[in-house]
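See below for the structure under consideration.
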Amino acid sequence: MTADPLESPSRRFVVWLAVIVAAAAAVRLGYVWLDRRHVGLEFNDGIYYHHGANVLADGHGFVNPLEQMANGRAEPNADHPPLYLVYLAGFSFLGLRTVTEHLVVSTFLGIAAVAVAGLAGRRIAGERVGLLAAVLVAVYPNTWRYDGALLSEGGVILTVLVIVWLSYRFWDRPSPGRLAAVGAVVGLGTLARAELFLLLPLLVVPLAPRVRARAWRPRIGWAVLAAVVSGAVLV
């Protein structure tokens, strides 16, 4: 049975979700520490994100980090969406600059995704399904393997799950603020993976007209507001 969205999660659900999140952390950190620690990066986007984060933290902006390392200077570059790069750069700025350290902080995205999957699953189909969803995200290799590859997919998985959860929260209690929140996270997701921008016309904008308890004019206004917020995040 679908959980009452206005009812607080049961103590049992909270405890078991915490256990699953802890297990997910053990899986991800264990994978990084035992299998990926001090392993050289393959020649793929992981090199770009790792070195790019350090270059960005050093104040050189968004440039091709390989060109920056080879020539000492580089032109502004936008080969990859910036969200994951900025995330890593924040830790680089704090002194966590090695490949292993970047791998460890990347696991935080995957761990958070497990918790959000549990909350979204609970809202969609009840607490048992919420816990099952959390378990699947915790153990499925195509989620946790990204934490050991320095790829942006970990952030993509997290933002998509947050979008699903916030969309159902809007459905439960429609308000312009809640729809704007969905739009904002779609904007963030687009900064992680460009094609997530399609969720704006395919999900966010159609949500407002389906709130039949409101007149058409405010519903259209809500959709416009969400689109503007999403665009503002991108800008």
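Within each chain, counting starts at residue 1; across the structure tokens, chains are named A, B, ... in the order shown, with ligands numbered 1 upward in that order.
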Members of segment 36-171 of chain A assigned alpha helix (DSSP H) by DSSP, as a PDB file with N, CA and C atoms, in the first residue's frame:
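Once everything was written out, this is result.pdb:
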```pdb
ATOM      1  N   ASP A  45      37.055  10.125 -19.265  1.00  0.00           N
ATOM      2  CA  ASP A  45      36.618  11.372 -18.639  1.00  0.00           C
ATOM      3  C   ASP A  45      37.124  11.524 -17.206  1.00  0.00           C
ATOM      4  N   GLY A  46      37.454  10.408 -16.538  1.00  0.00           N
ATOM      5  CA  GLY A  46      37.947  10.495 -15.172  1.00  0.00           C
ATOM      6  C   GLY A  46      39.193  11.345 -15.054  1.00  0.00           C
ATOM      7  N   ILE A  47      40.093  11.253 -16.043  1.00  0.00           N
ATOM      8  CA  ILE A  47      41.297  12.084 -16.046  1.00  0.00           C
ATOM      9  C   ILE A  47      40.913  13.555 -16.120  1.00  0.00           C
ATOM     10  N   TYR A  48      39.975  13.851 -16.990  1.00  0.00           N
ATOM     11  CA  TYR A  48      39.527  15.236 -17.158  1.00  0.00           C
ATOM     12  C   TYR A  48      38.957  15.780 -15.854  1.00  0.00           C
ATOM     13  N   TYR A  49      38.069  15.004 -15.214  1.00  0.00           N
ATOM     14  CA  TYR A  49      37.429  15.494 -13.998  1.00  0.00           C
ATOM     15  C   TYR A  49      38.434  15.644 -12.853  1.00  0.00           C
ATOM     16  N   HIS A  50      39.344  14.673 -12.699  1.00  0.00           N
ATOM     17  CA  HIS A  50      40.306  14.731 -11.597  1.00  0.00           C
ATOM     18  C   HIS A  50      41.236  15.933 -11.724  1.00  0.00           C
ATOM     19  N   HIS A  51      41.906  16.027 -12.855  1.00  0.00           N
ATOM     20  CA  HIS A  51      42.844  17.136 -13.036  1.00  0.00           C
ATOM     21  C   HIS A  51      42.106  18.467 -13.194  1.00  0.00           C
ATOM     22  N   GLY A  52      40.948  18.422 -13.851  1.00  0.00           N
ATOM     23  CA  GLY A  52      40.181  19.651 -14.021  1.00  0.00           C
ATOM     24  C   GLY A  52      39.731  20.246 -12.702  1.00  0.00           C
ATOM     25  N   ALA A  53      39.363  19.383 -11.748  1.00  0.00           N
ATOM     26  CA  ALA A  53      38.953  19.862 -10.425  1.00  0.00           C
ATOM     27  C   ALA A  53      40.110  20.565  -9.720  1.00  0.00           C
ATOM     28  N   ASN A  54      41.299  19.991  -9.823  1.00  0.00           N
ATOM     29  CA  ASN A  54      42.456  20.612  -9.180  1.00  0.00           C
ATOM     30  C   ASN A  54      42.821  21.942  -9.846  1.00  0.00           C
ATOM     31  N   VAL A  55      42.745  21.971 -11.165  1.00  0.00           N
ATOM     32  CA  VAL A  55      43.035  23.210 -11.891  1.00  0.00           C
ATOM     33  C   VAL A  55      42.007  24.284 -11.539  1.00  0.00           C
ATOM     34  N   LEU A  56      40.745  23.892 -11.460  1.00  0.00           N
ATOM     35  CA  LEU A  56      39.689  24.830 -11.099  1.00  0.00           C
ATOM     36  C   LEU A  56      39.889  25.355  -9.679  1.00  0.00           C
ATOM     37  N   ALA A  57      40.242  24.472  -8.758  1.00  0.00           N
ATOM     38  CA  ALA A  57      40.482  24.889  -7.375  1.00  0.00           C
ATOM     39  C   ALA A  57      41.670  25.839  -7.266  1.00  0.00           C
ATOM     40  N   PRO A  65      42.189  20.545 -18.694  1.00  0.00           N
ATOM     41  CA  PRO A  65      43.254  20.357 -17.704  1.00  0.00           C
ATOM     42  C   PRO A  65      44.501  19.698 -18.284  1.00  0.00           C
ATOM     43  N   LEU A  66      44.338  18.839 -19.296  1.00  0.00           N
ATOM     44  CA  LEU A  66      45.494  18.179 -19.891  1.00  0.00           C
ATOM     45  C   LEU A  66      46.356  19.194 -20.642  1.00  0.00           C
ATOM     46  N   GLU A  67      45.727  20.110 -21.332  1.00  0.00           N
ATOM     47  CA  GLU A  67      46.468  21.173 -22.015  1.00  0.00           C
ATOM     48  C   GLU A  67      47.126  22.106 -21.000  1.00  0.00           C
ATOM     49  N   GLN A  68      46.401  22.358 -19.899  1.00  0.00           N
ATOM     50  CA  GLN A  68      46.951  23.195 -18.846  1.00  0.00           C
ATOM     51  C   GLN A  68      48.213  22.562 -18.252  1.00  0.00           C
ATOM     52  N   MET A  69      48.175  21.249 -18.031  1.00  0.00           N
ATOM     53  CA  MET A  69      49.321  20.554 -17.457  1.00  0.00           C
ATOM     54  C   MET A  69      50.490  20.501 -18.436  1.00  0.00           C
ATOM     55  N   ALA A  70      50.208  20.333 -19.731  1.00  0.00           N
ATOM     56  CA  ALA A  70      51.259  20.187 -20.720  1.00  0.00           C
ATOM     57  C   ALA A  70      51.921  21.515 -21.080  1.00  0.00           C
ATOM     58  N   ASN A  71      51.102  22.567 -21.207  1.00  0.00           N
ATOM     59  CA  ASN A  71      51.616  23.836 -21.725  1.00  0.00           C
ATOM     60  C   ASN A  71      51.639  24.964 -20.696  1.00  0.00           C
ATOM     61  N   LEU A  83      28.892  20.376 -13.233  1.00  0.00           N
ATOM     62  CA  LEU A  83      28.473  20.142 -11.853  1.00  0.00           C
ATOM     63  C   LEU A  83      29.435  19.212 -11.106  1.00  0.00           C
ATOM     64  N   TYR A  84      29.765  18.070 -11.687  1.00  0.00           N
ATOM     65  CA  TYR A  84      30.649  17.117 -11.012  1.00  0.00           C
ATOM     66  C   TYR A  84      32.046  17.706 -10.845  1.00  0.00           C
ATOM     67  N   LEU A  85      32.484  18.459 -11.833  1.00  0.00           N
ATOM     68  CA  LEU A  85      33.790  19.114 -11.759  1.00  0.00           C
ATOM     69  C   LEU A  85      33.829  20.103 -10.591  1.00  0.00           C
ATOM     70  N   VAL A  86      32.773  20.882 -10.444  1.00  0.00           N
ATOM     71  CA  VAL A  86      32.702  21.842  -9.338  1.00  0.00           C
ATOM     72  C   VAL A  86      32.646  21.108  -8.001  1.00  0.00           C
ATOM     73  N   TYR A  87      31.909  20.000  -7.955  1.00  0.00           N
ATOM     74  CA  TYR A  87      31.823  19.206  -6.724  1.00  0.00           C
ATOM     75  C   TYR A  87      33.211  18.749  -6.282  1.00  0.00           C
ATOM     76  N   LEU A  88      33.971  18.155  -7.201  1.00  0.00           N
ATOM     77  CA  LEU A  88      35.318  17.706  -6.858  1.00  0.00           C
ATOM     78  C   LEU A  88      36.230  18.881  -6.518  1.00  0.00           C
ATOM     79  N   ALA A  89      36.074  19.990  -7.240  1.00  0.00           N
ATOM     80  CA  ALA A  89      36.933  21.148  -7.003  1.00  0.00           C
ATOM     81  C   ALA A  89      36.748  21.696  -5.596  1.00  0.00           C
ATOM     82  N   GLY A  90      35.542  21.587  -5.049  1.00  0.00           N
ATOM     83  CA  GLY A  90      35.326  22.042  -3.682  1.00  0.00           C
ATOM     84  C   GLY A  90      36.196  21.276  -2.699  1.00  0.00           C
ATOM     85  N   PHE A  91      36.330  19.979  -2.910  1.00  0.00           N
ATOM     86  CA  PHE A  91      37.186  19.177  -2.034  1.00  0.00           C
ATOM     87  C   PHE A  91      38.663  19.416  -2.346  1.00  0.00           C
ATOM     88  N   SER A  92      38.988  19.658  -3.628  1.00  0.00           N
ATOM     89  CA  SER A  92      40.363  20.002  -3.970  1.00  0.00           C
ATOM     90  C   SER A  92      40.789  21.278  -3.260  1.00  0.00           C
ATOM     91  N   PHE A  93      39.894  22.235  -3.197  1.00  0.00           N
ATOM     92  CA  PHE A  93      40.176  23.503  -2.517  1.00  0.00           C
ATOM     93  C   PHE A  93      40.469  23.277  -1.035  1.00  0.00           C
ATOM     94  N   VAL A  99      43.886  11.181  -6.485  1.00  0.00           N
ATOM     95  CA  VAL A  99      42.874  10.341  -7.132  1.00  0.00           C
ATOM     96  C   VAL A  99      42.064   9.592  -6.080  1.00  0.00           C
ATOM     97  N   THR A 100      42.741   9.015  -5.105  1.00  0.00           N
ATOM     98  CA  THR A 100      42.037   8.253  -4.073  1.00  0.00           C
ATOM     99  C   THR A 100      41.073   9.136  -3.299  1.00  0.00           C
ATOM    100  N   GLU A 101      41.499  10.332  -2.948  1.00  0.00           N
ATOM    101  CA  GLU A 101      40.620  11.245  -2.198  1.00  0.00           C
ATOM    102  C   GLU A 101      39.418  11.653  -3.030  1.00  0.00           C
ATOM    103  N   HIS A 102      39.614  11.879  -4.315  1.00  0.00           N
ATOM    104  CA  HIS A 102      38.478  12.200  -5.178  1.00  0.00           C
ATOM    105  C   HIS A 102      37.530  11.013  -5.328  1.00  0.00           C
ATOM    106  N   LEU A 103      38.077   9.809  -5.349  1.00  0.00           N
ATOM    107  CA  LEU A 103      37.226   8.626  -5.391  1.00  0.00           C
ATOM    108  C   LEU A 103      36.390   8.504  -4.121  1.00  0.00           C
ATOM    109  N   VAL A 104      37.011   8.753  -2.976  1.00  0.00           N
ATOM    110  CA  VAL A 104      36.294   8.649  -1.700  1.00  0.00           C
ATOM    111  C   VAL A 104      35.148   9.650  -1.635  1.00  0.00           C
ATOM    112  N   VAL A 105      35.412  10.903  -2.003  1.00  0.00           N
ATOM    113  CA  VAL A 105      34.335  11.906  -1.910  1.00  0.00           C
ATOM    114  C   VAL A 105      33.261  11.641  -2.956  1.00  0.00           C
ATOM    115  N   SER A 106      33.614  10.951  -4.050  1.00  0.00           N
ATOM    116  CA  SER A 106      32.595  10.600  -5.041  1.00  0.00           C
ATOM    117  C   SER A 106      31.610   9.582  -4.487  1.00  0.00           C
ATOM    118  N   THR A 107      32.070   8.760  -3.537  1.00  0.00           N
ATOM    119  CA  THR A 107      31.148   7.786  -2.949  1.00  0.00           C
ATOM    120  C   THR A 107      30.026   8.467  -2.185  1.00  0.00           C
ATOM    121  N   PHE A 108      30.250   9.694  -1.722  1.00  0.00           N
ATOM    122  CA  PHE A 108      29.199  10.398  -0.982  1.00  0.00           C
ATOM    123  C   PHE A 108      27.952  10.578  -1.839  1.00  0.00           C
ATOM    124  N   LEU A 109      28.145  10.790  -3.143  1.00  0.00           N
ATOM    125  CA  LEU A 109      27.006  10.946  -4.049  1.00  0.00           C
ATOM    126  C   LEU A 109      26.204   9.658  -4.133  1.00  0.00           C
ATOM    127  N   GLY A 110      26.906   8.529  -4.255  1.00  0.00           N
ATOM    128  CA  GLY A 110      26.223   7.247  -4.324  1.00  0.00           C
ATOM    129  C   GLY A 110      25.510   6.887  -3.035  1.00  0.00           C
ATOM    130  N   ILE A 111      26.143   7.215  -1.903  1.00  0.00           N
ATOM    131  CA  ILE A 111      25.517   6.933  -0.606  1.00  0.00           C
ATOM    132  C   ILE A 111      24.243   7.758  -0.443  1.00  0.00           C
ATOM    133  N   ALA A 112      24.303   9.029  -0.817  1.00  0.00           N
ATOM    134  CA  ALA A 112      23.112   9.881  -0.732  1.00  0.00           C
ATOM    135  C   ALA A 112      22.005   9.366  -1.651  1.00  0.00           C
ATOM    136  N   ALA A 113      22.381   8.827  -2.813  1.00  0.00           N
ATOM    137  CA  ALA A 113      21.379   8.307  -3.755  1.00  0.00           C
ATOM    138  C   ALA A 113      20.600   7.154  -3.146  1.00  0.00           C
ATOM    139  N   VAL A 114      21.249   6.336  -2.338  1.00  0.00           N
ATOM    140  CA  VAL A 114      20.559   5.218  -1.690  1.00  0.00           C
ATOM    141  C   VAL A 114      19.465   5.737  -0.758  1.00  0.00           C
ATOM    142  N   ALA A 115      19.791   6.757   0.031  1.00  0.00           N
ATOM    143  CA  ALA A 115      18.801   7.322   0.955  1.00  0.00           C
ATOM    144  C   ALA A 115      17.620   7.920   0.196  1.00  0.00           C
ATOM    145  N   VAL A 116      17.906   8.658  -0.870  1.00  0.00           N
ATOM    146  CA  VAL A 116      16.823   9.289  -1.641  1.00  0.00           C
ATOM    147  C   VAL A 116      15.979   8.234  -2.336  1.00  0.00           C
ATOM    148  N   ALA A 117      16.596   7.160  -2.817  1.00  0.00           N
ATOM    149  CA  ALA A 117      15.828   6.075  -3.437  1.00  0.00           C
ATOM    150  C   ALA A 117      14.847   5.482  -2.445  1.00  0.00           C
ATOM    151  N   GLY A 118      15.274   5.329  -1.195  1.00  0.00           N
ATOM    152  CA  GLY A 118      14.372   4.816  -0.174  1.00  0.00           C
ATOM    153  C   GLY A 118      13.189   5.737   0.061  1.00  0.00           C
ATOM    154  N   LEU A 119      13.451   7.037   0.120  1.00  0.00           N
ATOM    155  CA  LEU A 119      12.367   8.003   0.347  1.00  0.00           C
ATOM    156  C   LEU A 119      11.406   8.044  -0.845  1.00  0.00           C
ATOM    157  N   ALA A 120      11.961   8.015  -2.062  1.00  0.00           N
ATOM    158  CA  ALA A 120      11.108   8.049  -3.251  1.00  0.00           C
ATOM    159  C   ALA A 120      10.280   6.773  -3.355  1.00  0.00           C
ATOM    160  N   GLY A 121      10.911   5.624  -3.108  1.00  0.00           N
ATOM    161  CA  GLY A 121      10.179   4.364  -3.172  1.00  0.00           C
ATOM    162  C   GLY A 121       9.075   4.301  -2.140  1.00  0.00           C
ATOM    163  N   ARG A 122       9.339   4.819  -0.951  1.00  0.00           N
ATOM    164  CA  ARG A 122       8.311   4.843   0.106  1.00  0.00           C
ATOM    165  C   ARG A 122       7.109   5.649  -0.345  1.00  0.00           C
ATOM    166  N   ARG A 123       7.349   6.794  -0.952  1.00  0.00           N
ATOM    167  CA  ARG A 123       6.243   7.630  -1.388  1.00  0.00           C
ATOM    168  C   ARG A 123       5.449   6.964  -2.517  1.00  0.00           C
ATOM    169  N   ILE A 124       6.139   6.269  -3.406  1.00  0.00           N
ATOM    170  CA  ILE A 124       5.465   5.708  -4.572  1.00  0.00           C
ATOM    171  C   ILE A 124       4.627   4.481  -4.216  1.00  0.00           C
ATOM    172  N   ALA A 125       5.187   3.605  -3.383  1.00  0.00           N
ATOM    173  CA  ALA A 125       4.502   2.326  -3.161  1.00  0.00           C
ATOM    174  C   ALA A 125       4.635   1.783  -1.745  1.00  0.00           C
ATOM    175  N   GLU A 127       6.482   1.627   2.419  1.00  0.00           N
ATOM    176  CA  GLU A 127       7.784   1.522   3.069  1.00  0.00           C
ATOM    177  C   GLU A 127       8.574   0.297   2.637  1.00  0.00           C
ATOM    178  N   ARG A 128       7.893  -0.828   2.414  1.00  0.00           N
ATOM    179  CA  ARG A 128       8.621  -2.015   1.963  1.00  0.00           C
ATOM    180  C   ARG A 128       9.282  -1.772   0.621  1.00  0.00           C
ATOM    181  N   VAL A 129       8.558  -1.148  -0.292  1.00  0.00           N
ATOM    182  CA  VAL A 129       9.125  -0.840  -1.610  1.00  0.00           C
ATOM    183  C   VAL A 129      10.239   0.183  -1.471  1.00  0.00           C
ATOM    184  N   GLY A 130      10.082   1.135  -0.555  1.00  0.00           N
ATOM    185  CA  GLY A 130      11.140   2.108  -0.332  1.00  0.00           C
ATOM    186  C   GLY A 130      12.434   1.446   0.111  1.00  0.00           C
ATOM    187  N   LEU A 131      12.319   0.492   1.031  1.00  0.00           N
ATOM    188  CA  LEU A 131      13.510  -0.220   1.495  1.00  0.00           C
ATOM    189  C   LEU A 131      14.104  -1.086   0.381  1.00  0.00           C
ATOM    190  N   LEU A 132      13.240  -1.714  -0.405  1.00  0.00           N
ATOM    191  CA  LEU A 132      13.718  -2.521  -1.531  1.00  0.00           C
ATOM    192  C   LEU A 132      14.444  -1.645  -2.552  1.00  0.00           C
ATOM    193  N   ALA A 133      13.890  -0.469  -2.836  1.00  0.00           N
ATOM    194  CA  ALA A 133      14.534   0.450  -3.778  1.00  0.00           C
ATOM    195  C   ALA A 133      15.913   0.861  -3.268  1.00  0.00           C
ATOM    196  N   ALA A 134      16.001   1.134  -1.965  1.00  0.00           N
ATOM    197  CA  ALA A 134      17.292   1.509  -1.384  1.00  0.00           C
ATOM    198  C   ALA A 134      18.295   0.374  -1.501  1.00  0.00           C
ATOM    199  N   VAL A 135      17.837  -0.866  -1.255  1.00  0.00           N
ATOM    200  CA  VAL A 135      18.727  -2.021  -1.369  1.00  0.00           C
ATOM    201  C   VAL A 135      19.235  -2.167  -2.802  1.00  0.00           C
ATOM    202  N   LEU A 136      18.347  -2.022  -3.776  1.00  0.00           N
ATOM    203  CA  LEU A 136      18.752  -2.183  -5.173  1.00  0.00           C
ATOM    204  C   LEU A 136      19.793  -1.149  -5.573  1.00  0.00           C
ATOM    205  N   VAL A 137      19.578   0.099  -5.186  1.00  0.00           N
ATOM    206  CA  VAL A 137      20.554   1.138  -5.513  1.00  0.00           C
ATOM    207  C   VAL A 137      21.857   0.912  -4.747  1.00  0.00           C
ATOM    208  N   ALA A 138      21.755   0.317  -3.552  1.00  0.00           N
ATOM    209  CA  ALA A 138      22.948   0.082  -2.732  1.00  0.00           C
ATOM    210  C   ALA A 138      23.857  -0.981  -3.336  1.00  0.00           C
ATOM    211  N   VAL A 139      23.263  -2.018  -3.923  1.00  0.00           N
ATOM    212  CA  VAL A 139      24.078  -3.173  -4.345  1.00  0.00           C
ATOM    213  C   VAL A 139      24.226  -3.305  -5.857  1.00  0.00           C
ATOM    214  N   PRO A 141      25.602  -3.084  -9.297  1.00  0.00           N
ATOM    215  CA  PRO A 141      26.934  -2.645  -9.745  1.00  0.00           C
ATOM    216  C   PRO A 141      26.910  -1.426 -10.662  1.00  0.00           C
ATOM    217  N   ASN A 142      25.852  -1.284 -11.468  1.00  0.00           N
ATOM    218  CA  ASN A 142      25.801  -0.142 -12.373  1.00  0.00           C
ATOM    219  C   ASN A 142      25.488   1.170 -11.661  1.00  0.00           C
ATOM    220  N   THR A 143      25.368   1.134 -10.350  1.00  0.00           N
ATOM    221  CA  THR A 143      25.323   2.385  -9.580  1.00  0.00           C
ATOM    222  C   THR A 143      26.636   2.588  -8.836  1.00  0.00           C
ATOM    223  N   TRP A 144      27.094   1.571  -8.074  1.00  0.00           N
ATOM    224  CA  TRP A 144      28.278   1.828  -7.258  1.00  0.00           C
ATOM    225  C   TRP A 144      29.585   1.797  -8.033  1.00  0.00           C
ATOM    226  N   GLU A 153      28.354  10.180 -13.650  1.00  0.00           N
ATOM    227  CA  GLU A 153      27.100   9.437 -13.528  1.00  0.00           C
ATOM    228  C   GLU A 153      26.605   9.334 -12.092  1.00  0.00           C
ATOM    229  N   GLY A 154      27.518   9.328 -11.112  1.00  0.00           N
ATOM    230  CA  GLY A 154      27.070   9.295  -9.722  1.00  0.00           C
ATOM    231  C   GLY A 154      26.196  10.486  -9.384  1.00  0.00           C
ATOM    232  N   GLY A 155      26.590  11.667  -9.841  1.00  0.00           N
ATOM    233  CA  GLY A 155      25.771  12.854  -9.626  1.00  0.00           C
ATOM    234  C   GLY A 155      24.480  12.817 -10.414  1.00  0.00           C
ATOM    235  N   VAL A 156      24.506  12.206 -11.602  1.00  0.00           N
ATOM    236  CA  VAL A 156      23.301  12.087 -12.425  1.00  0.00           C
ATOM    237  C   VAL A 156      22.264  11.209 -11.724  1.00  0.00           C
ATOM    238  N   ILE A 157      22.709  10.063 -11.210  1.00  0.00           N
ATOM    239  CA  ILE A 157      21.798   9.150 -10.516  1.00  0.00           C
ATOM    240  C   ILE A 157      21.156   9.850  -9.327  1.00  0.00           C
ATOM    241  N   LEU A 158      21.952  10.576  -8.560  1.00  0.00           N
ATOM    242  CA  LEU A 158      21.425  11.270  -7.382  1.00  0.00           C
ATOM    243  C   LEU A 158      20.411  12.330  -7.777  1.00  0.00           C
ATOM    244  N   THR A 159      20.727  13.164  -8.755  1.00  0.00           N
ATOM    245  CA  THR A 159      19.802  14.243  -9.119  1.00  0.00           C
ATOM    246  C   THR A 159      18.505  13.696  -9.697  1.00  0.00           C
ATOM    247  N   VAL A 160      18.570  12.602 -10.478  1.00  0.00           N
ATOM    248  CA  VAL A 160      17.342  12.022 -11.039  1.00  0.00           C
ATOM    249  C   VAL A 160      16.444  11.507  -9.919  1.00  0.00           C
ATOM    250  N   LEU A 161      17.028  10.849  -8.929  1.00  0.00           N
ATOM    251  CA  LEU A 161      16.233  10.347  -7.805  1.00  0.00           C
ATOM    252  C   LEU A 161      15.620  11.495  -7.000  1.00  0.00           C
ATOM    253  N   VAL A 162      16.370  12.569  -6.814  1.00  0.00           N
ATOM    254  CA  VAL A 162      15.824  13.736  -6.108  1.00  0.00           C
ATOM    255  C   VAL A 162      14.667  14.336  -6.899  1.00  0.00           C
ATOM    256  N   ILE A 163      14.802  14.382  -8.223  1.00  0.00           N
ATOM    257  CA  ILE A 163      13.717  14.910  -9.064  1.00  0.00           C
ATOM    258  C   ILE A 163      12.458  14.067  -8.906  1.00  0.00           C
ATOM    259  N   VAL A 164      12.606  12.742  -8.913  1.00  0.00           N
ATOM    260  CA  VAL A 164      11.452  11.856  -8.733  1.00  0.00           C
ATOM    261  C   VAL A 164      10.793  12.121  -7.378  1.00  0.00           C
ATOM    262  N   TRP A 165      11.590  12.168  -6.332  1.00  0.00           N
ATOM    263  CA  TRP A 165      11.051  12.381  -4.984  1.00  0.00           C
ATOM    264  C   TRP A 165      10.341  13.727  -4.867  1.00  0.00           C
ATOM    265  N   LEU A 166      10.974  14.797  -5.357  1.00  0.00           N
ATOM    266  CA  LEU A 166      10.360  16.124  -5.271  1.00  0.00           C
ATOM    267  C   LEU A 166       9.102  16.230  -6.122  1.00  0.00           C
ATOM    268  N   SER A 167       9.074  15.513  -7.239  1.00  0.00           N
ATOM    269  CA  SER A 167       7.879  15.545  -8.092  1.00  0.00           C
ATOM    270  C   SER A 167       6.680  14.954  -7.369  1.00  0.00           C
ATOM    271  N   TYR A 168       6.898  13.854  -6.651  1.00  0.00           N
ATOM    272  CA  TYR A 168       5.802  13.277  -5.881  1.00  0.00           C
ATOM    273  C   TYR A 168       5.414  14.158  -4.706  1.00  0.00           C
ATOM    274  N   ARG A 169       6.366  14.839  -4.100  1.00  0.00           N
ATOM    275  CA  ARG A 169       6.040  15.777  -3.012  1.00  0.00           C
ATOM    276  C   ARG A 169       5.166  16.916  -3.535  1.00  0.00           C
ATOM    277  N   PHE A 170       5.462  17.384  -4.740  1.00  0.00           N
ATOM    278  CA  PHE A 170       4.606  18.407  -5.347  1.00  0.00           C
ATOM    279  C   PHE A 170       3.214  17.852  -5.606  1.00  0.00           C
ATOM    280  N   TRP A 171       3.153  16.622  -6.086  1.00  0.00           N
ATOM    281  CA  TRP A 171       1.861  16.005  -6.380  1.00  0.00           C
ATOM    282  C   TRP A 171       1.010  15.890  -5.114  1.00  0.00           C
TER     283      TRP A 171
END
```
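Here atom CA of Ala26 of chain A is placed at a distance of 13.2 Å from atom CA of Arg145 of chain A.
If only C-alpha atoms are the atoms counted, then among A:Pro76, A:Pro206, A:Pro82, A:Gly59 the closest residue to Leu234 of chain A is A:Pro82.
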Just the number, please: distance in Å from atom CA of Thr190 of chain A to atom CA of Ala74 of chain A, one decimal. 25.2 Å
Atom CA of Asp147 of chain A to atom CA of Ser230 of chain A, straight-line distance in Å: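 Separation between atom CA of Ser230 of chain A and atom CA of Asp147 of chain A: 26.9 Å.
With only C-alpha atoms as the atoms that count, the residue of A:Val204, A:Ala25, A:Val14, A:Asp58 with the shortest distance to Val186 of chain A is A:Val204.
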Excluding Ala208 of chain A and any residue of its chain fewer than 3 positions from it, enumerate the residues within 6 Å of it, using only C-alpha atoms, and give them as an NGL selection string. :A and (211 or 219 or 223)
